[in-house]
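Dropping input00.txt in here (compact mmCIF, C-alpha atoms (C1' of nucleotides)):
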# COMPACT_ATOMS: atom_id res chain seq x y z
CA MET A 87 96.76 141.21 91.17
CA LYS A 88 99.80 141.38 93.36
CA SER A 89 100.50 144.44 95.42
CA ASN A 90 102.72 146.97 93.70
CA VAL A 91 104.27 147.91 96.99
CA LYS A 92 105.28 144.37 97.83
CA GLN A 93 106.75 143.81 94.39
CA LYS A 94 108.65 147.07 94.57
CA ILE A 95 110.13 146.07 97.91
CA ILE A 96 111.21 142.72 96.50
CA GLU A 97 112.82 144.29 93.45
CA THR A 98 114.72 146.87 95.46
CA ALA A 99 115.84 144.30 98.02
CA SER A 100 116.85 141.93 95.26
CA GLU A 101 119.03 144.55 93.61
CA LEU A 102 120.74 145.60 96.83
CA PHE A 103 121.30 142.04 98.05
CA GLN A 104 122.83 141.10 94.71
CA ILE A 105 125.21 144.03 94.41
CA LYS A 106 126.01 144.94 98.04
CA GLY A 107 125.25 141.75 99.84
CA ILE A 108 122.72 140.79 102.48
CA GLY A 109 124.82 141.75 105.46
CA ALA A 110 125.63 145.17 104.10
CA THR A 111 122.05 146.02 103.16
CA GLY A 112 119.77 147.35 105.87
CA LEU A 113 116.02 147.07 105.81
CA SER A 114 115.79 150.83 106.19
CA GLU A 115 117.77 151.35 103.01
CA ILE A 116 115.48 149.00 101.12
CA LEU A 117 112.42 150.87 102.32
CA GLN A 118 113.93 154.24 101.58
CA ARG A 119 115.10 153.34 98.07
CA SER A 120 111.90 151.56 97.18
CA GLY A 121 109.79 154.47 98.35
CA ALA A 122 107.64 151.94 100.16
CA PRO A 123 105.71 153.02 103.23
CA LYS A 124 107.83 152.41 106.28
CA GLY A 125 105.51 150.25 108.25
CA SER A 126 104.67 147.89 105.45
CA LEU A 127 107.72 145.66 105.42
CA TYR A 128 106.71 143.45 108.30
CA TYR A 129 103.16 143.45 107.02
CA TYR A 130 104.24 141.90 103.73
CA PHE A 131 107.09 139.88 105.18
CA PRO A 132 106.17 138.69 108.66
CA GLY A 133 109.21 136.42 108.49
CA GLY A 134 111.46 139.47 108.58
CA LYS A 135 114.69 139.87 106.67
CA GLU A 136 115.13 136.18 106.06
CA ALA A 137 111.80 135.91 104.28
CA LEU A 138 112.62 138.99 102.26
CA VAL A 139 115.96 137.54 101.20
CA GLU A 140 114.21 134.40 100.07
CA ALA A 141 111.70 136.34 97.97
CA ALA A 142 114.48 138.51 96.57
CA ALA A 143 116.64 135.52 95.65
CA GLU A 144 113.76 133.78 93.92
CA ASN A 145 112.92 136.96 92.05
CA ALA A 146 116.51 137.36 90.87
CA ALA A 147 116.79 133.73 89.85
CA ARG A 148 113.60 133.95 87.80
CA ILE A 149 114.78 137.05 85.94
CA ILE A 150 118.22 135.58 85.24
CA CYS A 151 116.64 132.39 83.88
CA GLU A 152 114.36 134.44 81.67
CA LYS A 153 117.33 136.39 80.34
CA ILE A 154 119.19 133.19 79.55
CA GLN A 155 116.17 131.82 77.72
CA GLU A 156 115.66 135.02 75.76
CA GLY A 157 119.35 135.18 74.89
CA MET A 158 119.27 131.66 73.48
CA ALA A 159 115.87 131.81 71.83
CA ASP A 160 116.72 133.08 68.37
CA GLU A 161 120.00 131.24 67.87
CA LYS A 162 120.07 128.03 65.91
CA ASP A 163 123.53 126.86 66.85
CA PRO A 164 124.07 125.95 70.54
CA VAL A 165 127.45 127.67 70.48
CA HIS A 166 125.93 130.89 69.24
CA ALA A 167 123.14 130.57 71.76
CA VAL A 168 125.51 130.47 74.73
CA GLN A 169 127.72 133.16 73.23
CA HIS A 170 124.69 135.40 72.78
CA VAL A 171 123.83 135.03 76.44
CA ILE A 172 127.40 135.93 77.40
CA GLU A 173 127.40 138.93 75.07
CA GLY A 174 124.25 140.16 76.74
CA MET A 175 125.99 139.92 80.11
CA GLU A 176 129.00 141.80 78.78
CA LYS A 177 126.76 144.62 77.59
CA ALA A 178 124.90 144.78 80.89
CA LEU A 179 128.19 144.84 82.78
CA SER A 180 129.69 147.56 80.58
CA ARG A 181 126.56 149.60 81.15
CA GLU A 182 126.14 149.12 84.89
CA GLY A 183 129.39 147.72 86.25
CA ARG A 184 127.45 145.73 88.82
CA LEU A 185 126.02 142.24 89.07
CA HIS A 186 122.37 143.18 88.92
CA ASN A 187 120.12 140.40 87.67
CA LEU A 188 123.15 138.63 86.33
CA SER A 189 124.29 136.46 89.20
CA ILE A 190 123.13 135.25 92.59
CA SER A 191 126.61 134.16 93.57
CA LEU A 192 126.92 136.74 96.32
CA ILE A 193 123.63 135.69 97.90
CA ALA A 194 124.64 132.04 97.60
CA LEU A 195 128.05 132.63 99.19
CA GLU A 196 126.57 134.65 102.03
CA THR A 197 123.98 132.04 102.93
CA TYR A 198 125.26 128.55 102.08
CA LEU A 199 126.71 128.09 105.55
CA SER A 200 124.27 129.97 107.72
CA ASP A 201 120.83 129.32 106.24
CA ASP A 202 120.01 125.97 104.77
CA ARG A 203 116.70 127.15 103.39
CA LEU A 204 118.32 129.94 101.38
CA ARG A 205 121.08 127.62 100.30
CA GLY A 206 118.38 125.40 98.86
CA VAL A 207 116.84 128.31 96.97
CA CYS A 208 120.19 129.23 95.44
CA HIS A 209 121.01 125.62 94.68
CA LYS A 210 117.69 125.20 92.89
CA ALA A 211 118.36 128.38 90.92
CA PHE A 212 121.81 127.22 89.81
CA LEU A 213 120.36 123.86 88.79
CA ALA A 214 117.68 125.60 86.73
CA MET A 215 120.32 127.59 84.86
CA GLU A 216 122.42 124.49 84.25
CA ARG A 217 119.34 122.78 82.89
CA LEU A 218 118.58 125.62 80.48
CA TYR A 219 122.02 125.24 78.94
CA ALA A 220 121.83 121.45 78.99
CA GLU A 221 118.46 121.38 77.26
CA ARG A 222 119.80 123.69 74.58
CA MET A 223 122.72 121.32 74.05
CA LYS A 224 120.33 118.41 73.67
CA LEU A 225 118.33 120.40 71.16
CA GLY A 226 121.57 120.77 69.22
CA GLY A 227 121.97 117.03 69.04
CA ILE A 228 124.29 116.40 71.96
CA PRO A 229 123.34 113.25 73.90
CA SER A 230 122.02 113.45 77.41
CA PRO A 231 124.86 112.76 79.83
CA GLU A 232 127.31 114.92 77.89
CA ALA A 233 124.77 117.73 77.56
CA GLU A 234 124.20 117.81 81.29
CA GLU A 235 127.88 117.95 82.09
CA LEU A 236 128.25 120.73 79.54
CA GLY A 237 125.37 122.65 81.10
CA CYS A 238 127.05 122.45 84.49
CA VAL A 239 130.41 123.56 83.13
CA ILE A 240 128.89 126.44 81.16
CA GLN A 241 127.12 127.67 84.27
CA SER A 242 130.32 127.41 86.35
CA LEU A 243 132.35 129.18 83.69
CA ILE A 244 129.92 132.07 83.31
CA GLU A 245 129.49 132.53 87.05
CA GLY A 246 133.25 132.65 87.55
CA ALA A 247 133.83 134.93 84.58
CA LEU A 248 131.25 137.36 85.93
CA ILE A 249 133.08 137.61 89.25
CA LEU A 250 136.46 138.11 87.61
CA SER A 251 135.02 140.68 85.23
CA VAL A 252 133.43 142.89 87.87
CA THR A 253 136.45 142.61 90.14
CA GLY A 254 138.79 143.70 87.37
CA ARG A 255 136.35 146.14 85.81
CA ASP A 256 137.23 144.44 82.55
CA ASN A 257 135.11 142.08 80.47
CA ARG A 258 138.09 140.08 79.28
CA PRO A 259 137.15 137.03 81.41
CA LEU A 260 133.64 137.03 79.98
CA ARG A 261 134.96 137.39 76.44
CA ALA A 262 137.45 134.58 77.01
CA ALA A 263 134.65 132.40 78.35
CA GLY A 264 132.58 133.11 75.25
CA MET A 265 135.47 132.15 72.99
CA GLN A 266 136.53 128.99 74.79
CA VAL A 267 133.08 127.61 75.45
CA ALA A 268 132.75 127.07 71.72
CA TRP A 269 135.44 124.38 71.76
CA LEU A 270 133.73 122.47 74.54
CA ILE A 271 130.46 122.36 72.61
CA ARG A 272 131.78 121.91 69.05
CA ARG A 273 133.68 118.83 70.13
CA HIS A 274 130.34 117.00 70.31
CA GLN A 275 128.85 118.38 67.12
CA GLN A 276 131.02 117.10 64.31
CA GLY A 277 132.91 114.23 65.91
CA MET B 1072 159.90 137.75 113.67
CA LYS B 1073 156.32 138.75 113.24
CA SER B 1074 154.00 138.84 116.19
CA ASN B 1075 152.13 135.60 116.71
CA VAL B 1076 149.13 137.49 117.95
CA LYS B 1077 148.87 139.63 114.85
CA GLN B 1078 149.25 136.63 112.55
CA LYS B 1079 146.64 134.71 114.53
CA ILE B 1080 144.20 137.60 114.17
CA ILE B 1081 144.81 137.74 110.43
CA GLU B 1082 144.30 134.01 110.00
CA THR B 1083 141.10 133.94 112.01
CA ALA B 1084 139.75 137.02 110.25
CA SER B 1085 140.69 135.59 106.90
CA GLU B 1086 138.83 132.36 107.59
CA LEU B 1087 135.68 134.09 108.81
CA PHE B 1088 135.64 136.66 106.01
CA GLN B 1089 136.01 133.92 103.43
CA ILE B 1090 133.31 131.62 104.75
CA LYS B 1091 130.82 133.99 106.42
CA GLY B 1092 131.52 137.23 104.66
CA ILE B 1093 132.84 140.57 105.86
CA GLY B 1094 129.47 142.06 106.75
CA ALA B 1095 128.45 139.08 108.80
CA THR B 1096 131.68 138.85 110.77
CA GLY B 1097 132.13 141.11 113.77
CA LEU B 1098 135.47 142.14 115.15
CA SER B 1099 134.47 140.73 118.50
CA GLU B 1100 134.00 137.28 116.99
CA ILE B 1101 137.42 137.46 115.39
CA LEU B 1102 139.04 138.37 118.69
CA GLN B 1103 137.14 135.73 120.58
CA ARG B 1104 137.91 132.91 118.14
CA SER B 1105 141.52 133.90 117.75
CA GLY B 1106 142.02 134.06 121.48
CA ALA B 1107 143.74 137.38 120.96
CA PRO B 1108 143.62 139.97 123.69
CA LYS B 1109 140.69 142.23 123.12
CA GLY B 1110 142.51 145.50 123.21
CA SER B 1111 145.13 144.47 120.70
CA LEU B 1112 143.16 144.70 117.49
CA TYR B 1113 143.39 148.44 117.06
CA TYR B 1114 146.98 148.29 118.18
CA TYR B 1115 147.91 146.01 115.29
CA PHE B 1116 145.38 147.44 112.84
CA PRO B 1117 144.98 151.15 113.45
CA GLY B 1118 143.08 151.31 110.15
CA GLY B 1119 140.23 149.35 111.74
CA LYS B 1120 138.19 146.69 110.03
CA GLU B 1121 139.07 147.81 106.53
CA ALA B 1122 142.80 147.36 107.14
CA LEU B 1123 142.12 143.97 108.68
CA VAL B 1124 140.10 142.90 105.65
CA GLU B 1125 142.94 143.90 103.41
CA ALA B 1126 145.48 141.91 105.39
CA ALA B 1127 143.11 138.95 105.52
CA ALA B 1128 142.46 139.04 101.79
CA GLU B 1129 146.15 139.20 100.97
CA ASN B 1130 146.83 136.34 103.37
CA ALA B 1131 144.14 134.20 101.76
CA ALA B 1132 145.32 135.01 98.25
CA ARG B 1133 148.87 134.06 99.11
CA ILE B 1134 147.83 130.71 100.55
CA ILE B 1135 145.59 129.90 97.59
CA CYS B 1136 148.38 130.71 95.15
CA GLU B 1137 150.75 128.49 97.10
CA LYS B 1138 148.23 125.66 97.01
CA ILE B 1139 147.84 126.03 93.25
CA GLN B 1140 151.60 125.95 92.77
CA GLU B 1141 152.01 122.94 95.01
CA GLY B 1142 149.18 121.14 93.25
CA MET B 1143 150.80 121.65 89.85
CA ALA B 1144 154.41 121.13 90.89
CA ASP B 1145 154.81 117.41 90.40
CA GLU B 1146 152.70 116.98 87.28
CA LYS B 1147 154.36 116.84 83.91
CA ASP B 1148 151.27 117.28 81.74
CA PRO B 1149 149.47 120.66 82.02
CA VAL B 1150 146.11 118.88 81.97
CA HIS B 1151 147.09 116.69 84.89
CA ALA B 1152 148.50 119.71 86.69
CA VAL B 1153 145.19 121.59 86.58
CA GLN B 1154 143.24 118.46 87.37
CA HIS B 1155 145.43 117.83 90.39
CA VAL B 1156 144.69 121.31 91.70
CA ILE B 1157 140.96 120.72 91.24
CA GLU B 1158 141.16 117.34 92.96
CA GLY B 1159 142.81 118.99 95.91
CA MET B 1160 139.93 121.43 96.11
CA GLU B 1161 137.41 118.60 95.93
CA LYS B 1162 139.09 116.88 98.84
CA ALA B 1163 139.22 120.06 100.91
CA LEU B 1164 135.55 120.71 100.17
CA SER B 1165 134.51 117.18 101.05
CA ARG B 1166 136.38 117.50 104.30
CA GLU B 1167 135.27 120.99 105.36
CA GLY B 1168 132.26 121.92 103.25
CA ARG B 1169 133.34 125.54 103.30
CA LEU B 1170 135.41 127.80 101.09
CA HIS B 1171 138.38 128.21 103.41
CA ASN B 1172 141.60 129.11 101.63
CA LEU B 1173 140.05 128.00 98.38
CA SER B 1174 138.39 131.15 97.06
CA ILE B 1175 138.26 134.87 97.71
CA SER B 1176 135.12 135.27 95.62
CA LEU B 1177 132.97 136.25 98.58
CA ILE B 1178 135.41 138.96 99.65
CA ALA B 1179 135.66 140.20 96.07
CA LEU B 1180 131.89 140.32 95.63
CA GLU B 1181 131.37 142.11 98.92
CA THR B 1182 133.92 144.81 98.16
CA TYR B 1183 134.15 145.44 94.43
CA LEU B 1184 131.52 148.17 94.59
CA SER B 1185 132.16 149.72 97.97
CA ASP B 1186 135.93 149.74 98.39
CA ASP B 1187 138.19 150.33 95.44
CA ARG B 1188 141.33 149.51 97.38
CA LEU B 1189 140.05 146.07 98.34
CA ARG B 1190 138.74 145.54 94.84
CA GLY B 1191 142.30 146.12 93.65
CA VAL B 1192 143.66 143.56 96.11
CA CYS B 1193 141.19 140.93 94.92
CA HIS B 1194 141.79 141.81 91.28
CA LYS B 1195 145.53 141.42 91.74
CA ALA B 1196 144.96 138.06 93.45
CA PHE B 1197 142.77 136.77 90.62
CA LEU B 1198 145.37 137.90 88.08
CA ALA B 1199 148.10 136.07 89.99
CA MET B 1200 146.09 132.85 89.88
CA GLU B 1201 145.39 133.26 86.17
CA ARG B 1202 149.09 133.78 85.61
CA LEU B 1203 150.01 130.60 87.49
CA TYR B 1204 147.81 128.57 85.17
CA ALA B 1205 148.98 130.48 82.10
CA GLU B 1206 152.65 129.95 82.91
CA ARG B 1207 152.01 126.26 83.34
CA MET B 1208 150.36 126.16 79.91
CA LYS B 1209 153.38 127.89 78.38
CA LEU B 1210 155.64 125.37 80.06
CA GLY B 1211 153.58 122.72 78.33
CA GLY B 1212 154.33 124.26 74.97
CA ILE B 1213 151.24 126.36 74.42
CA PRO B 1214 152.05 129.74 72.85
CA SER B 1215 151.63 132.92 74.82
CA PRO B 1216 148.32 134.52 73.82
CA GLU B 1217 146.49 131.21 73.90
CA ALA B 1218 148.06 130.28 77.24
CA GLU B 1219 146.92 133.50 78.82
CA GLU B 1220 143.36 133.13 77.61
CA LEU B 1221 143.40 129.57 78.91
CA GLY B 1222 144.69 130.73 82.29
CA CYS B 1223 141.84 133.19 82.57
CA VAL B 1224 139.24 130.62 81.57
CA ILE B 1225 140.61 128.00 83.96
CA GLN B 1226 140.45 130.49 86.81
CA SER B 1227 136.88 131.48 85.91
CA LEU B 1228 135.81 127.87 85.61
CA ILE B 1229 137.28 126.84 88.94
CA GLU B 1230 135.91 129.85 90.79
CA GLY B 1231 132.42 129.19 89.45
CA ALA B 1232 132.60 125.47 90.07
CA LEU B 1233 133.59 126.10 93.69
CA ILE B 1234 130.51 128.26 94.24
CA LEU B 1235 128.18 125.77 92.62
CA SER B 1236 129.75 122.92 94.58
CA VAL B 1237 129.38 124.50 98.01
CA THR B 1238 125.87 125.71 97.26
CA GLY B 1239 124.77 122.25 96.19
CA ARG B 1240 126.89 120.45 98.76
CA ASP B 1241 128.00 118.30 95.86
CA ASN B 1242 131.37 118.25 94.11
CA ARG B 1243 129.83 117.42 90.74
CA PRO B 1244 130.55 120.91 89.31
CA LEU B 1245 134.20 120.66 90.34
CA ARG B 1246 134.46 117.17 88.87
CA ALA B 1247 132.84 118.32 85.64
CA ALA B 1248 135.26 121.25 85.48
CA GLY B 1249 138.18 118.88 85.91
CA MET B 1250 136.93 116.69 83.11
CA GLN B 1251 136.09 119.41 80.62
CA VAL B 1252 139.15 121.55 81.18
CA ALA B 1253 141.19 118.77 79.59
CA TRP B 1254 139.58 119.39 76.21
CA LEU B 1255 140.37 123.08 76.30
CA ILE B 1256 144.04 122.39 76.95
CA ARG B 1257 144.55 119.29 74.79
CA ARG B 1258 143.29 121.15 71.75
CA HIS B 1259 146.55 123.08 71.72
CA GLN B 1260 148.83 120.14 72.43
CA GLN B 1261 148.49 117.85 69.46
CA GLY B 1262 146.92 120.06 66.79
C1' DG C 1311 151.07 145.54 124.75
C1' DT C 1312 147.01 144.49 126.98
C1' DC C 1313 142.85 145.49 129.36
C1' DT C 1314 138.14 147.65 130.68
C1' DA C 1315 134.65 150.59 129.77
C1' DT C 1316 131.92 152.98 126.98
C1' DA C 1317 130.64 156.18 123.47
C1' DG C 1318 127.73 156.56 119.51
C1' DG C 1319 125.40 154.71 115.89
C1' DA C 1320 122.93 151.17 113.02
C1' DC C 1321 120.33 147.38 112.94
C1' DG C 1322 116.25 144.02 113.23
C1' DA C 1323 112.05 143.64 115.24
C1' DT C 1324 107.76 144.88 117.89
C1' DA C 1325 103.78 147.47 119.68
C1' DG C 1326 100.02 150.12 119.04
C1' DA C 1327 97.61 154.26 117.07
C1' DC C 1328 94.99 155.37 113.04
C1' DG D 449 97.48 148.91 105.19
C1' DT D 450 100.20 152.36 106.87
C1' DC D 451 102.74 155.04 110.24
C1' DT D 452 105.46 156.43 114.40
C1' DA D 453 107.93 155.37 118.18
C1' DT D 454 110.82 152.61 120.50
C1' DC D 455 113.11 148.48 122.53
C1' DG D 456 117.11 145.77 122.86
C1' DT D 457 121.08 144.19 120.60
C1' DC D 458 125.04 144.38 118.09
C1' DC D 459 128.58 146.85 115.97
C1' DT D 460 132.90 149.84 115.17
C1' DA D 461 135.84 152.74 117.32
C1' DT D 462 137.98 155.37 121.08
C1' DA D 463 139.72 156.71 125.72
C1' DG D 464 142.39 155.82 129.40
C1' DA D 465 144.17 152.68 133.28
C1' DC D 466 147.88 149.43 133.97

Transcribe the structure of this file into structure tokens.
Amino acid sequence: MKSNVKQKIIETASELFQIKGIGATGLSEILQRSGAPKGSLYYYFPGGKEALVEAAAENAARIICEKIQEGMADEKDPVHAVQHVIEGMEKALSREGRLHNLSISLIALETYLSDDRLRGVCHKAFLAMERLYAERMKLGGIPSPEAEELGCVIQSLIEGALILSVTGRDNRPLRAAGMQVAWLIRRHQQG
Amino acid sequence: MKSNVKQKIIETASELFQIKGIGATGLSEILQRSGAPKGSLYYYFPGGKEALVEAAAENAARIICEKIQEGMADEKDPVHAVQHVIEGMEKALSREGRLHNLSISLIALETYLSDDRLRGVCHKAFLAMERLYAERMKLGGIPSPEAEELGCVIQSLIEGALILSVTGRDNRPLRAAGMQVAWLIRRHQQG
DNA sequence: GTCTATAGGACGATAGAC
DNA sequence: GTCTATCGTCCTATAGAC
């Protein structure tokens, strides 16, 4: 069994990195908020902050992928599946007003130029999300190349709508994305 | 005429904030890279870093809006207009590999929780970009409510596709966005 | 307007006791 | 495994000479 302390550190770091950013989040704040013993950070993460960011990013990506899968699980129609995921994000945003376990865009934007390893982690995470949507499209009868392009576009659209929604403190961009995404998918369903 | 030194500081700050982030960019680096005299920063920006971020964000937003307008200016069809803007972004990204005067997403994500004033600046900038697309849709004969929703979705889609493209060092998301956006617009054109 | 110098604090990281 | 103490660096911001 994994250490509770280590997991708690990762979860706290993951939250702060996602909502405040890596540069604006100090290790001391992570330790304080997580209630973790002060000396234990470099015991669990000998690689320092960079290693912690990597673990935090992977943790966030895993949770987001799980949420996407859960959101799509009980929907028969691919359109409804994607819309259900978006609705879940709208609810989370209305509740919290912050991008917590919804997007790793901030981590990606902070690292894509300075840390190739972390860029790779974020890139892999984005690809995994695209694939979740794409596979769901295929399950709905959409052929492979079109389904993959759709998956990529859905992921782009949602990521952008999340940023616009938190910046405006208004879920209109997410709602618009949920409406319009239907037309992109339905085009392939009836012919 | 505005001071060259002040404008040079703004431009350098704007570039670094956009590509590296606010937290990761020190004032000393801005002064060094801009070649500005070291003592002049607090002369031009008595409000310190926060005031500089605001000026930088507004500068970036203005340039991005100008680029969008220029990209759409010579295209008759709204679809081609948006696609031309996206193609311009693809070229810039292929050339530079960084989000310089293409997106203020990083600034928005770094500030939307911590600084309400800067959040407002970014929100206003996003709205202006949405409006540019929406007005172009109206010019193409699409009625008002639909045009505005389209403008919002186009802006979301592009913003997300930019992030995915830089993270993957691959313009595929931008290309996919350019392809798929056509279907969203054309739906309103013929009926 | 521009410069130097520096205050004063936060940060990442390390060492070593227990 | 955990803790304290601390080093050295970087940062923002200010003070004051020119």

Would you list which chain D residues are within 12 Å of chain B using only C-alpha atoms (C1' of nucleotides), as JSON, numbers by chain?
-> {"D": [458, 459, 460, 461, 462, 463]}

Long-range neighbours of Val1224 in chain B as a short mmCIF file (atom, residue, chain, number, x, y, z; two decimals) with C-alpha atoms, in the frame of the given file, 9 Å cut-off, only C-alpha atoms (C1' of nucleotides), 3 positions minimum in chain:
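This went into result.cif:
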data_model
loop_
_atom_site.label_atom_id
_atom_site.label_comp_id
_atom_site.auth_asym_id
_atom_site.auth_seq_id
_atom_site.Cartn_x
_atom_site.Cartn_y
_atom_site.Cartn_z
CA LEU A 243 132.35 129.18 83.69
CA GLY A 246 133.25 132.65 87.55
CA ALA A 247 133.83 134.93 84.58
CA PRO A 259 137.15 137.03 81.41
CA LEU A 260 133.64 137.03 79.98
CA ALA A 262 137.45 134.58 77.01
CA ALA A 263 134.65 132.40 78.35
CA GLN A 266 136.53 128.99 74.79
CA GLU B 1201 145.39 133.26 86.17
CA GLU B 1219 146.92 133.50 78.82
CA GLU B 1220 143.36 133.13 77.61
CA LEU B 1221 143.40 129.57 78.91
CA SER B 1227 136.88 131.48 85.91
CA LEU B 1228 135.81 127.87 85.61
CA ILE B 1229 137.28 126.84 88.94
#

Could you make a table, as a tab-separated table, of the residues of chain B that have an atom within 7 Å of an atom of chain C, each with its nearest atom pair and distance in Å to one decimal, counting all atoms listed in the file, in chain and number order?
residue	atom	partner	partner_atom	distance
B:Pro1108	CA	C:DT1312	C1'	6.5
B:Gly1110	CA	C:DT1312	C1'	6.0
B:Ser1111	CA	C:DT1312	C1'	6.6

Polymer residues at most 10 Å from (145.7, 136.2, 114.6) by only C-alpha atoms (C1' of nucleotides), as a PyMOL selection string | chain B and resi 1074-1085+1101-1102+1104-1107+1112+1127

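The two atoms in question, CA of Asp256 in chain A and CA of Ser180 in chain A, are spaced 8.4 Å apart.
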
Among A:Val171, A:Met215, A:Ile108, A:Ala137, chain B is approached most closely, using all atoms listed in the file, by A:Ile108

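Note that CA of Tyr198 in chain A and CA of Glu245 in chain A are 16.1 Å apart.
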
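Our summary of the geometry notes that CA of Glu196 in chain A is positioned 6.1 Å from CA of Lys1091 in chain B.
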
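Around range 268-273 of chain A, within 9 Å and counting all atoms listed in the file, the residues found are Pro164, Val165, His166, Val168, Gln169, Met223, Ile228, Ala233, Leu236, Ala263, Gly264 and Gly277 of chain A; Gln1251, Val1252, Trp1254, Leu1255 and Arg1258 of chain B, once anything fewer than 4 positions away on its own chain is removed.
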
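If all atoms listed in the file are the atoms counted, then among B:Lys1109, B:Arg1133, B:Arg1243, B:Lys1162 the closest residue to chain A is B:Arg1243.
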
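Comparing A:Glu152, A:Glu182, A:Asp163, A:Glu176 by their smallest distance to chain B, the closest is A:Glu182 (using all atoms listed in the file).
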
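Ranking A:Gly157, A:Gly206, A:Gly227, A:Pro132 by their shortest atom-to-atom distance to chain B, with only C-alpha atoms included, puts A:Gly206 first.
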
Give the answer as one residue: which of A:His274, A:His170, A:Lys162, A:Lys153 has the shortest atom-to-atom distance to chain B, using only C-alpha atoms?
-> A:His274

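With only C-alpha atoms as the basis for measurement, A:His209 is the residue among A:Arg203, A:Arg217, A:Lys224, A:His209 that approaches chain B most closely.
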
Rebuild N, CA and C atoms on range 133-146 of chain A, as a PDB file, in the frame of the given file?
ATOM      1  N   GLY A 133     108.008 137.201 108.160  1.00  0.00           N
ATOM      2  CA  GLY A 133     109.210 136.420 108.490  1.00  0.00           C
ATOM      3  C   GLY A 133     110.456 137.263 108.605  1.00  0.00           C
ATOM      4  N   GLY A 134     110.308 138.590 108.407  1.00  0.00           N
ATOM      5  CA  GLY A 134     111.460 139.470 108.580  1.00  0.00           C
ATOM      6  C   GLY A 134     112.438 139.408 107.419  1.00  0.00           C
ATOM      7  N   LYS A 135     113.669 139.748 107.722  1.00  0.00           N
ATOM      8  CA  LYS A 135     114.690 139.870 106.670  1.00  0.00           C
ATOM      9  C   LYS A 135     114.904 138.550 105.927  1.00  0.00           C
ATOM     10  N   GLU A 136     114.869 137.476 106.685  1.00  0.00           N
ATOM     11  CA  GLU A 136     115.130 136.180 106.060  1.00  0.00           C
ATOM     12  C   GLU A 136     114.102 135.870 104.968  1.00  0.00           C
ATOM     13  N   ALA A 137     112.854 136.149 105.270  1.00  0.00           N
ATOM     14  CA  ALA A 137     111.800 135.910 104.280  1.00  0.00           C
ATOM     15  C   ALA A 137     111.970 136.824 103.072  1.00  0.00           C
ATOM     16  N   LEU A 138     112.408 138.047 103.348  1.00  0.00           N
ATOM     17  CA  LEU A 138     112.620 138.990 102.260  1.00  0.00           C
ATOM     18  C   LEU A 138     113.778 138.545 101.363  1.00  0.00           C
ATOM     19  N   VAL A 139     114.835 138.053 101.983  1.00  0.00           N
ATOM     20  CA  VAL A 139     115.960 137.540 101.200  1.00  0.00           C
ATOM     21  C   VAL A 139     115.508 136.401 100.307  1.00  0.00           C
ATOM     22  N   GLU A 140     114.677 135.536 100.860  1.00  0.00           N
ATOM     23  CA  GLU A 140     114.210 134.400 100.070  1.00  0.00           C
ATOM     24  C   GLU A 140     113.415 134.871  98.852  1.00  0.00           C
ATOM     25  N   ALA A 141     112.494 135.809  99.082  1.00  0.00           N
ATOM     26  CA  ALA A 141     111.700 136.340  97.970  1.00  0.00           C
ATOM     27  C   ALA A 141     112.592 137.043  96.959  1.00  0.00           C
ATOM     28  N   ALA A 142     113.581 137.776  97.457  1.00  0.00           N
ATOM     29  CA  ALA A 142     114.480 138.510  96.570  1.00  0.00           C
ATOM     30  C   ALA A 142     115.329 137.547  95.735  1.00  0.00           C
ATOM     31  N   ALA A 143     115.811 136.491  96.362  1.00  0.00           N
ATOM     32  CA  ALA A 143     116.640 135.520  95.650  1.00  0.00           C
ATOM     33  C   ALA A 143     115.828 134.812  94.570  1.00  0.00           C
ATOM     34  N   GLU A 144     114.599 134.446  94.919  1.00  0.00           N
ATOM     35  CA  GLU A 144     113.760 133.780  93.920  1.00  0.00           C
ATOM     36  C   GLU A 144     113.424 134.717  92.769  1.00  0.00           C
ATOM     37  N   ASN A 145     113.198 135.963  93.090  1.00  0.00           N
ATOM     38  CA  ASN A 145     112.920 136.960  92.050  1.00  0.00           C
ATOM     39  C   ASN A 145     114.114 137.109  91.111  1.00  0.00           C
ATOM     40  N   ALA A 146     115.300 137.215  91.690  1.00  0.00           N
ATOM     41  CA  ALA A 146     116.510 137.360  90.870  1.00  0.00           C
ATOM     42  C   ALA A 146     116.736 136.134  90.006  1.00  0.00           C
TER      43      ALA A 146
END
